[in-house]
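Accompanying notes for the structure given below.
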Amino acid sequence: MSKRILVGALGAATILSLVGVAAITASAATTSTYNFTRNLTVGSTGADVSALQQFLAQEGFFTVTPTGYFGPITKKAVAAWQASIGLPSYGFFGPESRAAIASSASVSTTSTPGCPAGALFNSMTGAPCTSAAATPGCPAGALFNSMTGAPCTTTTTTSTTSTTPATCPVGFTCTPNTTSTPTSQEGTLNLTLSGNPSTQTNIQQNIDVPVWGLQAQAQIGDVTIQRLDLDVQDQVNASPSYQENPGNFISNIKLVDGSTNQVLASYNVGLNSFVQGASSTDYYIRLSGFNFTVPNGQTKTLLVEFTTSGSIDIAHQLTITGYGTTGLQTMSGGIADYYNVSGSAFTRQQTFTKPGNTTVTFGIDASNPLSSTYYIDPNVGAQNIPVFVFNAQASNANAQLSSITITPLHNDAAGSGLAASSISLVQNGTVVASQSLNGTQAITFNNLTTDTGSTITSGTTQPYVVEVSVPNYTSGNTTVQLELNSVTYQSTTGQVYSTNPNLIGNTQYFYTASPQLAFVSGSASSGGNNQSGQTTTINGQLTFTVTPKGGQMVQPVASDFIVKVGTSLTGASVIPTASTSILSITPTPSSTSAPLSQGQAYTVTLAATANAAQLGGSGTYQFYMTSASTTVYNPNGNAVSTTQTWGLDNFKSGGVGVSQ
């Protein structure tokens, strides 16, 4: 169980005052000669805090020895003093309070703290006063009745209400003439060693490796972790084995929010960063300057990640835990708390071993785009179009890409000068590298080891997207197709490897005027059976949208489309409709002379009927659209005709059974 030490607890003088023994008995002048220049609140420290506490003691509102730390006792005393002089009693020492002290600095009177003239009992402690005369009641800020010595039932007094509240300190909810109330209570943490990361005996990575985790559950109030003392023992498994300063092996430490993967702090470390502990093999480091807040009732994980030397020849076994009984410092409700996160319950061992030979294999990724038609906007062109996606998978150890060579197999196939002009390599939404593209000349992305996204973690598959951009031409068309020719990469030990994947992406088509086809649905059904129970006809329906881009489009007619029917698109029983009469096509809406407007989506339905007797036997048949011919007139009045046989892979119906 974690050991918890509280800072800001009641001192001995406070305890004495509560049982009726005055902690301050000497008479003092009510004059403050200290020049207060800043706002003071819970957590403030310094000489001005000590001076404020002395002033409050002189006034009879502070009954313990001044400490120079502004805690809950000081705040309560400030609030009582503010109420006694008609200020809003927030307990925050701000501009109005400083002005009140400054304006009374020239007035000097002598009195016994808590014993105004005529009082029988001290209004702060309840101890008897020496004066015989008494004034009944509980004056502002009094804890005990000055006539009877009995506790006062309330510390609220009648005072002039401030119509303009004083500046309210951050973290407080303030209302005039009331004691300031923190928006959150002082909380506590329930701490356990996180199961993730677990103990690993064969770590071959060296960058940002999770090695230790602390699971923290906040109770009663929010708690912020601000400091961690981390103990690391580094055993080098040589023959014989020996212990060394972990700063000789660890180069960077990161603290990470385990729920969001946000880096809270990063520390570059070395031999001088670690301090020797209780034994010659024990080293620890203090990690501070961060704020990791655990909201009340929630559980969060604080992760520690190490980056180590990449040139490891001998295994290093690291034993990681907290250091000392106060190794974790938190802040909650203005109170600093300390927790013990050391010992076996908080210990994790991680072993870093020499990496094996790195192997990286390349393939076409499942997200690689099929052939598609893209519109070239005359104002901005076609920007950042993904035309090729390949992936890289590392085995045995991490690897870093050094260079990638890509060759355009097609770029300006029409020979009109229209071509893609730039190419980019993108990983996880971030551009790793970018270059100009000149026709079909091969391009090479060099020095990738310095770029984010070039690292391939062992055992993972990393996709890379290749994007191209086409300038803002007003007429013409081009096709783009890319090939991944060669790759060089490095292992964590610096060894360089080369490979020639020779992977080819699908052809992508760019037009200054063209339709955009999008499939909606497809269905198929039996049209009827003869007396022998054999299928006579089958019906198919394909629905899609067409959106003219770059100009107006001539309305489609049946002859613009080729639809096939068969057991598969490439099977021998597929029957082309252009040369036979067994399949009829009727587009909806029916053709008219009116052109289709630019940018407007139109729905087209192709209804087809096939003679089952000519299909070639029993089986399950589908309808496929394999070609779509269109004509779009650009703003210059030029006709741009396209016969699209690409990007139609999913333009097909469901299956229908045929019995013959």
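Here, A, B, ... name the chains of the structure tokens in the order displayed, residue numbers run from 1 inside each chain, and ligands are numbered from 1 in the same displayed order.
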Query raised in the report: Leaving out Thr444 (chain A) and any residue of its chain fewer than 5 positions from it, which residues lie within 10 Å of it when counting only C-alpha atoms, given as a ChimeraX atom specification?
Result: /A:403-407,433-435,485-487
Query raised in the report: Can you tell me, as a ChimeraX atom specification, what residues are no more than 10 Å from region 420-428 of chain A when counting only C-alpha atoms, ignoring any on the same chain fewer than 5 positions away?
Result: /A:381-389,404,406,408,410-412,433-440,443,445,452-454,462-471,478-480,510
Please, could you write that set of residues out with C-alpha atoms as a PDB file, in the first residue's frame?
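Dumped everything to out_12.pdb:
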ATOM      1  CA  GLY A 381      -5.971  21.705 -60.920  1.00  0.00           C
ATOM      2  CA  ALA A 382      -6.140  18.312 -59.189  1.00  0.00           C
ATOM      3  CA  GLN A 383      -4.253  18.498 -55.885  1.00  0.00           C
ATOM      4  CA  ASN A 384      -2.820  15.710 -53.709  1.00  0.00           C
ATOM      5  CA  ILE A 385      -4.556  12.798 -55.452  1.00  0.00           C
ATOM      6  CA  PRO A 386      -3.601   9.380 -53.948  1.00  0.00           C
ATOM      7  CA  VAL A 387      -2.588   7.223 -56.925  1.00  0.00           C
ATOM      8  CA  PHE A 388      -0.532   4.437 -55.317  1.00  0.00           C
ATOM      9  CA  VAL A 389      -0.336   2.826 -51.854  1.00  0.00           C
ATOM     10  CA  ILE A 404      12.849   5.289 -52.308  1.00  0.00           C
ATOM     11  CA  ILE A 406       9.633   5.695 -58.066  1.00  0.00           C
ATOM     12  CA  PRO A 408       6.127   7.029 -63.665  1.00  0.00           C
ATOM     13  CA  HIS A 410       2.574   6.909 -67.641  1.00  0.00           C
ATOM     14  CA  ASN A 411       2.513  10.681 -67.292  1.00  0.00           C
ATOM     15  CA  ASP A 412       1.342  12.755 -70.281  1.00  0.00           C
ATOM     16  CA  ALA A 433       8.993  13.930 -48.659  1.00  0.00           C
ATOM     17  CA  SER A 434       7.927  15.814 -51.800  1.00  0.00           C
ATOM     18  CA  GLN A 435       9.515  16.512 -55.217  1.00  0.00           C
ATOM     19  CA  SER A 436       8.757  17.920 -58.652  1.00  0.00           C
ATOM     20  CA  LEU A 437       7.729  15.399 -61.287  1.00  0.00           C
ATOM     21  CA  ASN A 438       9.101  15.751 -64.826  1.00  0.00           C
ATOM     22  CA  GLY A 439       7.297  13.538 -67.299  1.00  0.00           C
ATOM     23  CA  THR A 440       8.303   9.894 -66.907  1.00  0.00           C
ATOM     24  CA  ILE A 443      12.551  10.382 -58.942  1.00  0.00           C
ATOM     25  CA  PHE A 445      13.398  10.444 -52.187  1.00  0.00           C
ATOM     26  CA  THR A 452       9.105  11.556 -39.373  1.00  0.00           C
ATOM     27  CA  GLY A 453       7.465   8.352 -40.572  1.00  0.00           C
ATOM     28  CA  SER A 454      10.611   6.696 -41.907  1.00  0.00           C
ATOM     29  CA  GLN A 462       3.495   0.478 -42.372  1.00  0.00           C
ATOM     30  CA  PRO A 463       1.472   1.821 -45.363  1.00  0.00           C
ATOM     31  CA  TYR A 464       2.869   4.657 -47.517  1.00  0.00           C
ATOM     32  CA  VAL A 465       0.673   6.729 -49.850  1.00  0.00           C
ATOM     33  CA  VAL A 466       2.025   8.302 -53.029  1.00  0.00           C
ATOM     34  CA  GLU A 467       0.136  11.431 -54.102  1.00  0.00           C
ATOM     35  CA  VAL A 468       0.401  13.511 -57.285  1.00  0.00           C
ATOM     36  CA  SER A 469      -0.827  16.966 -58.250  1.00  0.00           C
ATOM     37  CA  VAL A 470      -1.800  18.128 -61.756  1.00  0.00           C
ATOM     38  CA  PRO A 471      -1.679  21.840 -62.747  1.00  0.00           C
ATOM     39  CA  THR A 478      -3.447  12.599 -68.963  1.00  0.00           C
ATOM     40  CA  THR A 479      -2.920   9.232 -67.303  1.00  0.00           C
ATOM     41  CA  VAL A 480      -0.634   8.504 -64.362  1.00  0.00           C
ATOM     42  CA  PHE A 510      -7.243  12.915 -65.329  1.00  0.00           C
TER      43      PHE A 510
END
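Coordinates place CA of Leu482 (chain A) at a distance of 14.3 Å from CA of Asn500 (chain A).
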